[in-house]
Structure formats: structure tokens, C-alpha cells
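Coordinates as given in input_23.txt (compact mmCIF, N, CA and C atoms):
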```txt
# COMPACT_ATOMS: atom_id res chain seq x y z
N MET T 5 -10.78 6.93 11.89
CA MET T 5 -9.74 6.15 11.23
C MET T 5 -9.92 6.29 9.73
N SER T 6 -8.82 6.53 9.05
CA SER T 6 -8.92 6.67 7.60
C SER T 6 -9.18 5.32 6.96
N GLU T 7 -9.79 5.37 5.81
CA GLU T 7 -10.11 4.14 5.08
C GLU T 7 -8.83 3.39 4.70
N ASN T 8 -7.78 4.13 4.33
CA ASN T 8 -6.52 3.49 3.95
C ASN T 8 -5.88 2.76 5.14
N LEU T 9 -5.98 3.33 6.33
CA LEU T 9 -5.44 2.68 7.51
C LEU T 9 -6.23 1.40 7.80
N GLN T 10 -7.52 1.45 7.68
CA GLN T 10 -8.36 0.27 7.91
C GLN T 10 -8.00 -0.85 6.93
N ILE T 11 -7.81 -0.51 5.67
CA ILE T 11 -7.42 -1.50 4.68
C ILE T 11 -6.06 -2.10 5.02
N ALA T 12 -5.11 -1.26 5.43
CA ALA T 12 -3.78 -1.73 5.81
C ALA T 12 -3.85 -2.66 7.02
N GLN T 13 -4.70 -2.34 7.99
CA GLN T 13 -4.85 -3.20 9.17
C GLN T 13 -5.43 -4.55 8.79
N GLU T 14 -6.42 -4.55 7.94
CA GLU T 14 -7.02 -5.82 7.50
C GLU T 14 -6.00 -6.65 6.72
N TYR T 15 -5.23 -6.00 5.88
CA TYR T 15 -4.21 -6.71 5.11
C TYR T 15 -3.14 -7.28 6.03
N ALA T 16 -2.71 -6.51 7.03
CA ALA T 16 -1.69 -6.98 7.96
C ALA T 16 -2.15 -8.21 8.73
N TRP T 17 -3.39 -8.20 9.19
CA TRP T 17 -3.92 -9.35 9.93
C TRP T 17 -4.06 -10.55 9.00
N ASN T 18 -4.55 -10.33 7.77
CA ASN T 18 -4.70 -11.42 6.82
C ASN T 18 -3.35 -12.03 6.49
N LEU T 19 -2.35 -11.21 6.27
CA LEU T 19 -1.01 -11.71 5.97
C LEU T 19 -0.45 -12.51 7.14
N ALA T 20 -0.65 -12.01 8.35
CA ALA T 20 -0.15 -12.71 9.54
C ALA T 20 -0.79 -14.09 9.68
N THR T 21 -2.09 -14.17 9.50
CA THR T 21 -2.78 -15.45 9.69
C THR T 21 -2.59 -16.39 8.52
N THR T 22 -2.37 -15.87 7.33
CA THR T 22 -2.13 -16.72 6.17
C THR T 22 -0.74 -17.33 6.22
N LEU T 23 0.26 -16.51 6.50
CA LEU T 23 1.64 -16.98 6.55
C LEU T 23 2.04 -17.54 7.91
N MET T 24 1.21 -17.27 8.91
CA MET T 24 1.49 -17.65 10.30
C MET T 24 2.84 -17.11 10.76
N VAL T 25 3.03 -15.80 10.53
CA VAL T 25 4.19 -15.07 11.01
C VAL T 25 3.70 -13.75 11.61
N CYS T 26 4.46 -13.21 12.53
CA CYS T 26 4.13 -11.90 13.09
C CYS T 26 4.40 -10.85 12.01
N THR T 27 3.48 -9.91 11.87
CA THR T 27 3.64 -8.85 10.89
C THR T 27 3.63 -7.50 11.60
N THR T 28 4.27 -6.52 10.96
CA THR T 28 4.33 -5.17 11.48
C THR T 28 3.66 -4.23 10.50
N LEU T 29 2.75 -3.41 11.01
CA LEU T 29 2.11 -2.36 10.23
C LEU T 29 2.80 -1.07 10.61
N PHE T 30 3.31 -0.34 9.61
CA PHE T 30 4.04 0.89 9.88
C PHE T 30 3.61 1.97 8.91
N GLU T 31 3.92 3.21 9.28
CA GLU T 31 3.61 4.35 8.42
C GLU T 31 4.91 4.90 7.85
N SER T 32 4.89 5.15 6.55
CA SER T 32 6.06 5.73 5.89
C SER T 32 5.65 7.02 5.20
N ASP T 33 6.59 7.67 4.54
CA ASP T 33 6.28 8.89 3.81
C ASP T 33 5.29 8.64 2.68
N ASN T 34 5.27 7.41 2.17
CA ASN T 34 4.41 7.06 1.04
C ASN T 34 3.08 6.44 1.45
N GLY T 35 2.82 6.28 2.73
CA GLY T 35 1.58 5.67 3.20
C GLY T 35 1.87 4.63 4.24
N TYR T 36 1.12 3.53 4.18
CA TYR T 36 1.27 2.45 5.15
C TYR T 36 1.95 1.26 4.50
N GLY T 37 2.66 0.49 5.32
CA GLY T 37 3.32 -0.71 4.83
C GLY T 37 3.16 -1.84 5.81
N VAL T 38 3.26 -3.05 5.29
CA VAL T 38 3.15 -4.25 6.11
C VAL T 38 4.26 -5.20 5.69
N MET T 39 4.93 -5.77 6.67
CA MET T 39 5.97 -6.75 6.38
C MET T 39 6.15 -7.66 7.59
N PRO T 40 6.78 -8.82 7.38
CA PRO T 40 7.05 -9.70 8.52
C PRO T 40 7.88 -8.95 9.57
N SER T 41 7.52 -9.10 10.81
CA SER T 41 8.19 -8.39 11.90
C SER T 41 9.68 -8.71 11.96
N ALA T 42 10.05 -9.94 11.63
CA ALA T 42 11.45 -10.34 11.68
C ALA T 42 12.30 -9.57 10.67
N GLU T 43 11.69 -9.03 9.64
CA GLU T 43 12.42 -8.30 8.61
C GLU T 43 12.37 -6.79 8.80
N TYR T 44 11.55 -6.32 9.72
CA TYR T 44 11.40 -4.87 9.90
C TYR T 44 12.58 -4.30 10.67
N ASP T 45 13.27 -3.35 10.08
CA ASP T 45 14.39 -2.71 10.77
C ASP T 45 14.29 -1.18 10.69
N GLY T 46 13.08 -0.70 10.56
CA GLY T 46 12.85 0.74 10.49
C GLY T 46 12.77 1.38 11.86
N GLU T 47 12.34 2.62 11.86
CA GLU T 47 12.20 3.39 13.10
C GLU T 47 11.05 2.85 13.96
N PRO T 48 11.28 2.62 15.23
CA PRO T 48 10.22 2.15 16.12
C PRO T 48 9.04 3.13 16.21
N ASP T 49 9.31 4.42 16.00
CA ASP T 49 8.24 5.42 16.09
C ASP T 49 7.24 5.32 14.95
N THR T 50 7.59 4.65 13.87
CA THR T 50 6.68 4.53 12.73
C THR T 50 5.76 3.32 12.82
N VAL T 51 6.02 2.43 13.79
CA VAL T 51 5.20 1.23 13.95
C VAL T 51 3.83 1.62 14.50
N ILE T 52 2.80 1.15 13.83
CA ILE T 52 1.44 1.38 14.29
C ILE T 52 0.98 0.22 15.15
N ARG T 53 1.27 -1.01 14.67
CA ARG T 53 0.85 -2.18 15.43
C ARG T 53 1.56 -3.41 14.90
N GLU T 54 1.76 -4.39 15.78
CA GLU T 54 2.26 -5.69 15.39
C GLU T 54 1.13 -6.70 15.54
N TYR T 55 1.04 -7.62 14.59
CA TYR T 55 0.01 -8.63 14.59
C TYR T 55 0.66 -9.98 14.81
N ASP T 56 0.21 -10.69 15.84
CA ASP T 56 0.76 -11.99 16.19
C ASP T 56 -0.34 -13.04 16.02
N PRO T 57 -0.25 -13.90 15.01
CA PRO T 57 -1.30 -14.89 14.79
C PRO T 57 -1.36 -15.97 15.86
N PHE T 58 -0.33 -16.07 16.68
CA PHE T 58 -0.28 -17.09 17.72
C PHE T 58 -0.88 -16.60 19.04
N ALA T 59 -1.22 -15.34 19.12
CA ALA T 59 -1.72 -14.76 20.38
C ALA T 59 -3.20 -15.06 20.62
N ILE T 60 -3.83 -15.70 19.70
CA ILE T 60 -5.27 -15.96 19.84
C ILE T 60 -5.53 -17.08 20.82
```

Represent the supplied structure as C-alpha cells.
Amino acid sequence: MSENLQIAQEYAWNLATTLMVCTTLFESDNGYGVMPSAEYDGEPDTVIREYDPFAI
């Protein structure tokens, strides 16, 4: 796993648990991105993982 992907995963989980919203980690041409899942309207093939803070 690349270091950048690991950082993005940690950020996505932190954002999900801080805001208590589901977040989506996706890959774009410019790298990785994280945003609330409710706002994500990109290609499903670019999604790496969704983080749900309520699933614990």
C-alpha cells in the first residue's frame, strides 16, 4: 500500500468519526480524495472504500 493511500484512509476515517457522517475515499487523476458520501456523485469505479462511523 502506498504511503499516500494510507494517509488518505486515515484521513477518511478521522473525518467520518469527527463529523459522524459516512465518507467516501476515491481515486482521481490528481490522487486520492475524501468527501461525505451523500455528496459524492462521481464514477462508482473510482471508489476505494466507504467509511461508516455508525457501523462500529

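Excluding Val38 of chain T and any residue on its chain fewer than 5 positions from it, the residues at most 6 Å away by all atoms listed in the file are Ala16, Thr28, Leu29 and Phe30 of chain T.
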
Against segment 49-56 of chain T, which residues of segment 8-43 of chain T fall within 8 Å? For each one I want the closest pair of atoms and the distance in Å (one decimal), counting only N, CA and C atoms, rows by chain and increasing residue number, as JSON lines.
```
{"residue": "T:Ala16", "atom": "C", "partner": "T:Tyr55", "partner_atom": "CA", "distance": 6.3}
{"residue": "T:Trp17", "atom": "CA", "partner": "T:Tyr55", "partner_atom": "CA", "distance": 6.1}
{"residue": "T:Ala20", "atom": "CA", "partner": "T:Tyr55", "partner_atom": "C", "distance": 6.0}
{"residue": "T:Thr21", "atom": "N", "partner": "T:Asp56", "partner_atom": "C", "distance": 6.8}
{"residue": "T:Met24", "atom": "C", "partner": "T:Asp56", "partner_atom": "C", "distance": 7.4}
{"residue": "T:Val25", "atom": "C", "partner": "T:Asp56", "partner_atom": "CA", "distance": 5.7}
{"residue": "T:Cys26", "atom": "CA", "partner": "T:Tyr55", "partner_atom": "C", "distance": 4.3}
{"residue": "T:Thr27", "atom": "C", "partner": "T:Tyr55", "partner_atom": "N", "distance": 4.0}
{"residue": "T:Thr28", "atom": "CA", "partner": "T:Glu54", "partner_atom": "CA", "distance": 4.5}
{"residue": "T:Leu29", "atom": "C", "partner": "T:Ile52", "partner_atom": "N", "distance": 3.9}
{"residue": "T:Phe30", "atom": "CA", "partner": "T:Ile52", "partner_atom": "N", "distance": 4.1}
{"residue": "T:Glu31", "atom": "N", "partner": "T:Thr50", "partner_atom": "C", "distance": 4.0}
{"residue": "T:Ser32", "atom": "N", "partner": "T:Thr50", "partner_atom": "CA", "distance": 6.5}
{"residue": "T:Ser41", "atom": "CA", "partner": "T:Glu54", "partner_atom": "CA", "distance": 7.4}
```

Pull N, CA and C atoms from the residues just selected and write them as a PDB file, in the frame of the given file.
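Final output, result_15.pdb:
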```
ATOM      1  N   ALA T  16      -2.710  -6.510   7.030  1.00  0.00           N
ATOM      2  CA  ALA T  16      -1.690  -6.980   7.960  1.00  0.00           C
ATOM      3  C   ALA T  16      -2.150  -8.210   8.730  1.00  0.00           C
ATOM      4  N   TRP T  17      -3.390  -8.200   9.190  1.00  0.00           N
ATOM      5  CA  TRP T  17      -3.920  -9.350   9.930  1.00  0.00           C
ATOM      6  C   TRP T  17      -4.060 -10.550   9.000  1.00  0.00           C
ATOM      7  N   ALA T  20      -0.650 -12.010   8.350  1.00  0.00           N
ATOM      8  CA  ALA T  20      -0.150 -12.710   9.540  1.00  0.00           C
ATOM      9  C   ALA T  20      -0.790 -14.090   9.680  1.00  0.00           C
ATOM     10  N   THR T  21      -2.090 -14.170   9.500  1.00  0.00           N
ATOM     11  CA  THR T  21      -2.780 -15.450   9.690  1.00  0.00           C
ATOM     12  C   THR T  21      -2.590 -16.390   8.520  1.00  0.00           C
ATOM     13  N   MET T  24       1.210 -17.270   8.910  1.00  0.00           N
ATOM     14  CA  MET T  24       1.490 -17.650  10.300  1.00  0.00           C
ATOM     15  C   MET T  24       2.840 -17.110  10.760  1.00  0.00           C
ATOM     16  N   VAL T  25       3.030 -15.800  10.530  1.00  0.00           N
ATOM     17  CA  VAL T  25       4.190 -15.070  11.010  1.00  0.00           C
ATOM     18  C   VAL T  25       3.700 -13.750  11.610  1.00  0.00           C
ATOM     19  N   CYS T  26       4.460 -13.210  12.530  1.00  0.00           N
ATOM     20  CA  CYS T  26       4.130 -11.900  13.090  1.00  0.00           C
ATOM     21  C   CYS T  26       4.400 -10.850  12.010  1.00  0.00           C
ATOM     22  N   THR T  27       3.480  -9.910  11.870  1.00  0.00           N
ATOM     23  CA  THR T  27       3.640  -8.850  10.890  1.00  0.00           C
ATOM     24  C   THR T  27       3.630  -7.500  11.600  1.00  0.00           C
ATOM     25  N   THR T  28       4.270  -6.520  10.960  1.00  0.00           N
ATOM     26  CA  THR T  28       4.330  -5.170  11.480  1.00  0.00           C
ATOM     27  C   THR T  28       3.660  -4.230  10.500  1.00  0.00           C
ATOM     28  N   LEU T  29       2.750  -3.410  11.010  1.00  0.00           N
ATOM     29  CA  LEU T  29       2.110  -2.360  10.230  1.00  0.00           C
ATOM     30  C   LEU T  29       2.800  -1.070  10.610  1.00  0.00           C
ATOM     31  N   PHE T  30       3.310  -0.340   9.610  1.00  0.00           N
ATOM     32  CA  PHE T  30       4.040   0.890   9.880  1.00  0.00           C
ATOM     33  C   PHE T  30       3.610   1.970   8.910  1.00  0.00           C
ATOM     34  N   GLU T  31       3.920   3.210   9.280  1.00  0.00           N
ATOM     35  CA  GLU T  31       3.610   4.350   8.420  1.00  0.00           C
ATOM     36  C   GLU T  31       4.910   4.900   7.850  1.00  0.00           C
ATOM     37  N   SER T  32       4.890   5.150   6.550  1.00  0.00           N
ATOM     38  CA  SER T  32       6.060   5.730   5.890  1.00  0.00           C
ATOM     39  C   SER T  32       5.650   7.020   5.200  1.00  0.00           C
ATOM     40  N   SER T  41       7.520  -9.100  10.810  1.00  0.00           N
ATOM     41  CA  SER T  41       8.190  -8.390  11.900  1.00  0.00           C
ATOM     42  C   SER T  41       9.680  -8.710  11.960  1.00  0.00           C
TER      43      SER T  41
END
```

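Atom pair atom C of Pro57 of chain T / atom CA of Gly35 of chain T: separated by 25.2 Å.
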
Record the distance separating atom CA of Tyr15 of chain T and atom CA of Tyr36 of chain T, expressed in Å with one decimal.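 If I compute the distance from atom CA of Tyr15 of chain T to atom CA of Tyr36 of chain T, I get 10.7 Å.
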
DSSP on the backbone: what in chain T comes out strand (DSSP E or B), as a VMD selection string? chain T and resid 27 to 32 35 to 40 51 to 55

With only C-alpha atoms as the atoms that count, which of T:Phe58, T:Glu14, T:Asn8, T:Thr22 lies nearest to Asn34 of chain T?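 That would be T:Asn8, the residue with the smallest distance to Asn34 of chain T.
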
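Across the structure, atom CA of Asn18 of chain T and atom CA of Ala59 of chain T are spaced 14.3 Å apart.
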
Run DSSP on the backbone and grab whatever in chain T lands in helix (DSSP H, G or I); send it over as a ChimeraX atom specification. /T:7-23,41-43,48-50

For those residues, write N, CA and C atoms to a file as a tab-separated table (two decimals), in the coordinates of the input.
```tsv
chain	number	residue	atom	x	y	z
T	7	GLU	N	-9.79	5.37	5.81
T	7	GLU	CA	-10.11	4.14	5.08
T	7	GLU	C	-8.83	3.39	4.70
T	8	ASN	N	-7.78	4.13	4.33
T	8	ASN	CA	-6.52	3.49	3.95
T	8	ASN	C	-5.88	2.76	5.14
T	9	LEU	N	-5.98	3.33	6.33
T	9	LEU	CA	-5.44	2.68	7.51
T	9	LEU	C	-6.23	1.40	7.80
T	10	GLN	N	-7.52	1.45	7.68
T	10	GLN	CA	-8.36	0.27	7.91
T	10	GLN	C	-8.00	-0.85	6.93
T	11	ILE	N	-7.81	-0.51	5.67
T	11	ILE	CA	-7.42	-1.50	4.68
T	11	ILE	C	-6.06	-2.10	5.02
T	12	ALA	N	-5.11	-1.26	5.43
T	12	ALA	CA	-3.78	-1.73	5.81
T	12	ALA	C	-3.85	-2.66	7.02
T	13	GLN	N	-4.70	-2.34	7.99
T	13	GLN	CA	-4.85	-3.20	9.17
T	13	GLN	C	-5.43	-4.55	8.79
T	14	GLU	N	-6.42	-4.55	7.94
T	14	GLU	CA	-7.02	-5.82	7.50
T	14	GLU	C	-6.00	-6.65	6.72
T	15	TYR	N	-5.23	-6.00	5.88
T	15	TYR	CA	-4.21	-6.71	5.11
T	15	TYR	C	-3.14	-7.28	6.03
T	16	ALA	N	-2.71	-6.51	7.03
T	16	ALA	CA	-1.69	-6.98	7.96
T	16	ALA	C	-2.15	-8.21	8.73
T	17	TRP	N	-3.39	-8.20	9.19
T	17	TRP	CA	-3.92	-9.35	9.93
T	17	TRP	C	-4.06	-10.55	9.00
T	18	ASN	N	-4.55	-10.33	7.77
T	18	ASN	CA	-4.70	-11.42	6.82
T	18	ASN	C	-3.35	-12.03	6.49
T	19	LEU	N	-2.35	-11.21	6.27
T	19	LEU	CA	-1.01	-11.71	5.97
T	19	LEU	C	-0.45	-12.51	7.14
T	20	ALA	N	-0.65	-12.01	8.35
T	20	ALA	CA	-0.15	-12.71	9.54
T	20	ALA	C	-0.79	-14.09	9.68
T	21	THR	N	-2.09	-14.17	9.50
T	21	THR	CA	-2.78	-15.45	9.69
T	21	THR	C	-2.59	-16.39	8.52
T	22	THR	N	-2.37	-15.87	7.33
T	22	THR	CA	-2.13	-16.72	6.17
T	22	THR	C	-0.74	-17.33	6.22
T	23	LEU	N	0.26	-16.51	6.50
T	23	LEU	CA	1.64	-16.98	6.55
T	23	LEU	C	2.04	-17.54	7.91
T	41	SER	N	7.52	-9.10	10.81
T	41	SER	CA	8.19	-8.39	11.90
T	41	SER	C	9.68	-8.71	11.96
T	42	ALA	N	10.05	-9.94	11.63
T	42	ALA	CA	11.45	-10.34	11.68
T	42	ALA	C	12.30	-9.57	10.67
T	43	GLU	N	11.69	-9.03	9.64
T	43	GLU	CA	12.42	-8.30	8.61
T	43	GLU	C	12.37	-6.79	8.80
T	48	PRO	N	11.28	2.62	15.23
T	48	PRO	CA	10.22	2.15	16.12
T	48	PRO	C	9.04	3.13	16.21
T	49	ASP	N	9.31	4.42	16.00
T	49	ASP	CA	8.24	5.42	16.09
T	49	ASP	C	7.24	5.32	14.95
T	50	THR	N	7.59	4.65	13.87
T	50	THR	CA	6.68	4.53	12.73
T	50	THR	C	5.76	3.32	12.82
```
